[in-house]
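Visitor: Would you mind keeping the following structure in view while I ask a few things?
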Amino acid sequence: MVLAGAGCAHYTPAPLDPAATAQGYGERRLDAPELTEWLSAHGSRRPDGTWSSADLTLVALYYQPAVERARDGWLAARAAEVTAGARPQPDLQSELGYAASSEVFQSRWYASVNAIFTLELGGKRGARVVAARARTAVAETDLEETAWRSGRAVRSAAVELTAARERLADADLGAERIRAFAERLRRRYAEGILSRSELAAVESEEADARAAAVREREAVAGSIGALARASGLPSEALDSTRLGVDPPPVCPSSGTDSLQSLALRRRPEIGRALAEYAVAEGDLRVAVANAYPDLSLGPGFVWDQGVNRWSLLLGLPHIALNRNRGPIGEAMARRQESGARFAEQQQAVLEEVASGVAACRLALADVTGAEAVREATARQAELARAAYERGELSATALEPLELAETRALRDLHAARQRLATAGLRLETATGAWPPGDVRWPDPKDPVRPVQEASH
């Protein structure tokens with residue numbers, strides 16, 4: 001009884017508090033002391049006070065519940081290794097009896113105590129440990145993939161914010177040029193040189209340009225909110241924060257072989273597929289080991305109506321008469337399926353890199369063509385403005401050239417944005433993290449500083 005009481009575990013309740021969780025989300029801030037400690041521990045430095053996508057990726061790794069879930073899953077998988085390595089616990093059996101008569105024996109009482117020890121044969125424990133370690137590797141790659149995808153979401157939102165800011169600048173420039181042109185026409189209309197219908201057409205175009213600028217301004221605000229959500233922050237957390245401009249993604253000029261090799265090393269899906277194959281291999285080892293019976297030893301003592309006896313029980317529990325063919329065959333099929341899944345994942349990554357390089361080069365060609373058009377229209381507009389200043393060209397003749405210059409600039413920026421999107425796609429295909437001089441958290445020690453201090 002003393003041994004049984006000493007070995008008892010105690011349950012500690014830990015109820016969830018949904019209201020507190022929701023309140024905590026709304027109170028997240030970039031200047032929280034625990035977050036500042038986390039950022040400093042992983043190399044985030046902001047001397048000018050601006051936040052890059054690399055810094056915000058660290059924020060996402062700290063705040064995003066998906067990363068926390070994957071981290072806890074990794075810790076649970078490590079705990080399961082202890083369970084897998086446990087040896088069978090001994091059993092203790094006792095019996096007490098009373099005889100109906102005492103004609104032969106000295107006493108009517110009968111008592112016995114037996115201890116049963118089970119010895120696993122066939123390498124069962126080693127097979128369980130191998131399978132459990134493989135599941136830990138799966139959980140670790142799941143943590144890496146979750147963190148990587150959180151970082152990619154931040155990087156994508158940052159690229160979209162840069163594009164939205166550029167579109168807003170183009171819209172403001174276009175609105176300002178149409179406004180200046182409308183002002184010139186209004187003066188001509190006041191002088192009686194221009195008809196009302198001609199002025200109304202330009203004023204309608206001016207109103208459309210102002211509305212487009214307002215829409216782009218709202219799009220910038222929406223992009224900031226999307227970046228905040230990708231970082232695990234409330235939408236308003238970045239309203240007063242200075243956001244830096246990340247370097248644009250770069251398209252490679254060489255072949256795809258080096259990028260494909262890089263992707264196979266860095267993409268977390270590849271590591272996960274390999275770890276899942278190791279799990280299938282471990283499960284097969286467990287199934288083969290279970291084909292062997294265990295050996296049970298039961299030494300005991302019997303006091304049989306005044307006679308003392310020692311006994312030894314020998315047993316073979318769980319004898320697999322069919323050599324465990326069913327589970328072994330299923331495990332072999334699962335292993336083959338895992339191998340096919342790895343080949344499928346590997347091919348998908350290689351194809352994604354190849355298509356990303358092709359799309360990136362096509363976008364780069366579009367940028368080159370848009371730059372040539374922009375330079376040509378800029379020269380024409382500059383010559384037209386000089387002629388207008390000399391009085392050789394009317395305002396109505398200058399306006400189409402300036403608008404063409406504005407459209408060419410907008411088209412160039414749109415081509416560059418498509419190039420940035422293609423480069424981002426290629427970055428993702430190769431398994432890159434957001435750029436920045438930071439030290440990403442090691443999955444082998446995935447505990448936040450605040451949690452470590454509390455323990």
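Quick note on naming: the chains in the structure tokens go A, B, ... in the order shown, residues restart at 1 in each chain, and ligands are numbered from 1 in order of appearance.
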Name the residues in contact with Arg186 (chain A) at a cut-off of 8 Å, using only C-alpha atoms, excluding same-chain residues fewer than 4 positions from it; report them as a list in words.
Guide: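 Residues near the query, excluding close chain neighbours: Ala182, Ala190 and Leu199 of chain A.
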Visitor: So that I have them on file, write out the residues from the current selection with C-alpha atoms, as a PDB file, in the first residue's frame.
Guide:
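Output below, filename selection-v1.pdb:
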ATOM      1  CA  ALA A 182      -8.111  71.065 -65.230  1.00  0.00           C
ATOM      2  CA  ALA A 190     -13.297  81.702 -67.986  1.00  0.00           C
ATOM      3  CA  LEU A 199     -14.310  71.318 -69.387  1.00  0.00           C
TER       4      LEU A 199
END
Visitor: Could you build a table of the residues in region 236-309 of chain A lying no more than 6 Å from region 134-157 of chain A, giving for each the nearest pair of atoms and their separation in Å rounded to one decimal place, using only C-alpha atoms, ordered by chain and ascending residue number, as a tab-separated table?
Guide:
residue	atom	partner	partner_atom	distance
A:Pro268	CA	A:Glu145	CA	5.2
A:Arg272	CA	A:Thr141	CA	5.3
A:Ala275	CA	A:Val138	CA	5.2
A:Ala278	CA	A:Ala134	CA	5.6
A:Val279	CA	A:Ala134	CA	5.0
Visitor: Of the residues A:Asn308, A:Ser204, A:Thr256, A:Thr162, which is the one nearest to Tyr110 (chain A), using only C-alpha atoms?
Guide: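 That would be A:Asn308, the residue with the smallest distance to Tyr110 (chain A).
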Visitor: What is the CA of Asp172 (chain A) to CA of Ala230 (chain A) distance in Å?
Guide: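 Taking CA of Asp172 (chain A) and CA of Ala230 (chain A), their separation equals 27.9 Å.
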Visitor: Between CA of Asn324 (chain A) and CA of Asn290 (chain A), measure the distance and give it in Å to one decimal.
Guide: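 Atom-to-atom, CA of Asn324 (chain A) and CA of Asn290 (chain A) are spaced 6.9 Å apart.
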Visitor: I need the residue nearest Leu364 (chain A) from this list: A:Leu233, A:Val250, A:Ala32, A:Arg410. Use only C-alpha atoms for the distance.
Guide: A:Val250
Visitor: Interatomic distance between CA of Glu427 (chain A) and CA of Ala263 (chain A)?
Guide: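 Pair CA of Glu427 (chain A) / CA of Ala263 (chain A) returns 9.4 Å.
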Visitor: Name the closest residue to Trp310 (chain A) among the candidates A:Ala219, A:Val349, A:Ala115, A:Leu173; distances are taken between atoms, counting only C-alpha atoms.
Guide: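 Closest residue, counting only C-alpha atoms: A:Ala115.
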Visitor: Do you have, as CSV, the list of residues of region 222-279 of chain A lying at most 12 Å from region 207-217 of chain A, each with its nearest atom pair and that distance in Å to one decimal, counting only C-alpha atoms and ordered by chain then number?
Guide:
residue,atom,partner,partner_atom,distance
A:Gly222,CA,A:Arg217,CA,8.7
A:Ser223,CA,A:Arg217,CA,9.9
A:Ile224,CA,A:Arg217,CA,10.9
Visitor: Tell me which of A:Ala14, A:Ala100, A:Leu412, A:Ala80 sits closest to Gly369 (chain A), counting only C-alpha atoms.
Guide: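 Among A:Ala14, A:Ala100, A:Leu412, A:Ala80, it is A:Leu412 that comes nearest to Gly369 (chain A).
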Visitor: Would you mind listing what lies within 9 Å of Val286 (chain A) as a list of chain:residue names, with only C-alpha atoms counted and same-chain residues fewer than 6 positions away left out?
Guide: A:Gly123, A:Lys124, A:Arg125, A:Gly126, A:Ala127, A:Arg128, A:Val130, A:Ala131, A:Ile328
Visitor: May I have the residues from that selection written out with C-alpha atoms, as a tab-separated table (two decimals), in the first residue's frame?
Guide:
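Result saved to part.tsv:
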chain	number	residue	atom	x	y	z
A	123	GLY	CA	13.44	-5.90	-29.69
A	124	LYS	CA	10.01	-4.43	-28.96
A	125	ARG	CA	11.28	-1.61	-26.76
A	126	GLY	CA	13.99	-0.57	-29.21
A	127	ALA	CA	11.47	-0.55	-32.06
A	128	ARG	CA	9.07	1.61	-30.04
A	130	VAL	CA	12.87	4.37	-32.87
A	131	ALA	CA	9.27	5.01	-33.92
A	328	ILE	CA	3.23	-6.43	-40.69
Visitor: Restricting the calculation to only C-alpha atoms, which member of A:Ala41, A:Ala20, A:Leu243, A:Ala273 is positioned closest to Arg341 (chain A)?
Guide: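 The closest residue to Arg341 (chain A) is A:Ala273.
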Visitor: Can you tell me, as an MDAnalysis selection string, what residues are no more than 12 Å from His413 (chain A) when counting only C-alpha atoms, ignoring any on the same chain fewer than 3 positions away?
Guide: chainID A and resid 162:171 363 366:371 374 406:410 416:420
Visitor: Please identify the strand (DSSP E) residues within region 57-115 of chain A (assignment by DSSP from backbone atoms) and present them as a list in words.
Guide: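 Matching residues for strand (DSSP E) in region 57-115 of chain A are Asp91, Leu92, Gln93, Ser94, Glu95, Leu96, Gly97, Tyr98, Trp109, Tyr110, Ala111, Ser112, Val113, Asn114 and Ala115 of chain A.
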Visitor: Would you list the contacts of Gln346 (chain A) as a PDB file with N, CA and C atoms, in the first residue's frame, taking every protein, DNA or RNA residue within 9 Å and counting only C-alpha atoms, but skipping same-chain residues closer than 2 positions in sequence?
Guide:
ATOM      1  N   LEU A 264      15.536  21.704 -52.040  1.00  0.00           N
ATOM      2  CA  LEU A 264      15.433  20.373 -51.429  1.00  0.00           C
ATOM      3  C   LEU A 264      16.081  20.331 -50.058  1.00  0.00           C
ATOM      4  N   GLU A 269       8.792  21.005 -46.040  1.00  0.00           N
ATOM      5  CA  GLU A 269       7.949  19.873 -46.443  1.00  0.00           C
ATOM      6  C   GLU A 269       8.780  18.639 -46.787  1.00  0.00           C
ATOM      7  N   ILE A 270       9.989  18.870 -47.322  1.00  0.00           N
ATOM      8  CA  ILE A 270      10.856  17.741 -47.662  1.00  0.00           C
ATOM      9  C   ILE A 270      11.311  17.029 -46.387  1.00  0.00           C
ATOM     10  N   ALA A 273       8.394  15.043 -45.004  1.00  0.00           N
ATOM     11  CA  ALA A 273       8.142  13.809 -45.724  1.00  0.00           C
ATOM     12  C   ALA A 273       9.170  12.736 -45.362  1.00  0.00           C
ATOM     13  N   ARG A 341       4.764   9.227 -51.166  1.00  0.00           N
ATOM     14  CA  ARG A 341       4.420  10.598 -50.802  1.00  0.00           C
ATOM     15  C   ARG A 341       5.661  11.492 -50.805  1.00  0.00           C
ATOM     16  N   PHE A 342       6.808  10.951 -50.354  1.00  0.00           N
ATOM     17  CA  PHE A 342       8.038  11.733 -50.399  1.00  0.00           C
ATOM     18  C   PHE A 342       8.424  12.060 -51.837  1.00  0.00           C
ATOM     19  N   ALA A 343       8.341  11.059 -52.725  1.00  0.00           N
ATOM     20  CA  ALA A 343       8.663  11.318 -54.125  1.00  0.00           C
ATOM     21  C   ALA A 343       7.722  12.353 -54.728  1.00  0.00           C
ATOM     22  N   GLU A 344       6.462  12.303 -54.342  1.00  0.00           N
ATOM     23  CA  GLU A 344       5.497  13.289 -54.840  1.00  0.00           C
ATOM     24  C   GLU A 344       5.838  14.685 -54.340  1.00  0.00           C
ATOM     25  N   ALA A 348       7.054  17.930 -56.559  1.00  0.00           N
ATOM     26  CA  ALA A 348       6.287  19.178 -56.498  1.00  0.00           C
ATOM     27  C   ALA A 348       7.192  20.369 -56.205  1.00  0.00           C
ATOM     28  N   VAL A 349       8.161  20.201 -55.313  1.00  0.00           N
ATOM     29  CA  VAL A 349       9.093  21.286 -55.003  1.00  0.00           C
ATOM     30  C   VAL A 349       9.956  21.617 -56.214  1.00  0.00           C
ATOM     31  N   LEU A 350      10.461  20.597 -56.896  1.00  0.00           N
ATOM     32  CA  LEU A 350      11.285  20.842 -58.079  1.00  0.00           C
ATOM     33  C   LEU A 350      10.485  21.565 -59.166  1.00  0.00           C
ATOM     34  N   GLU A 351       9.250  21.154 -59.376  1.00  0.00           N
ATOM     35  CA  GLU A 351       8.414  21.816 -60.377  1.00  0.00           C
ATOM     36  C   GLU A 351       8.084  23.247 -59.959  1.00  0.00           C
TER      37      GLU A 351
END
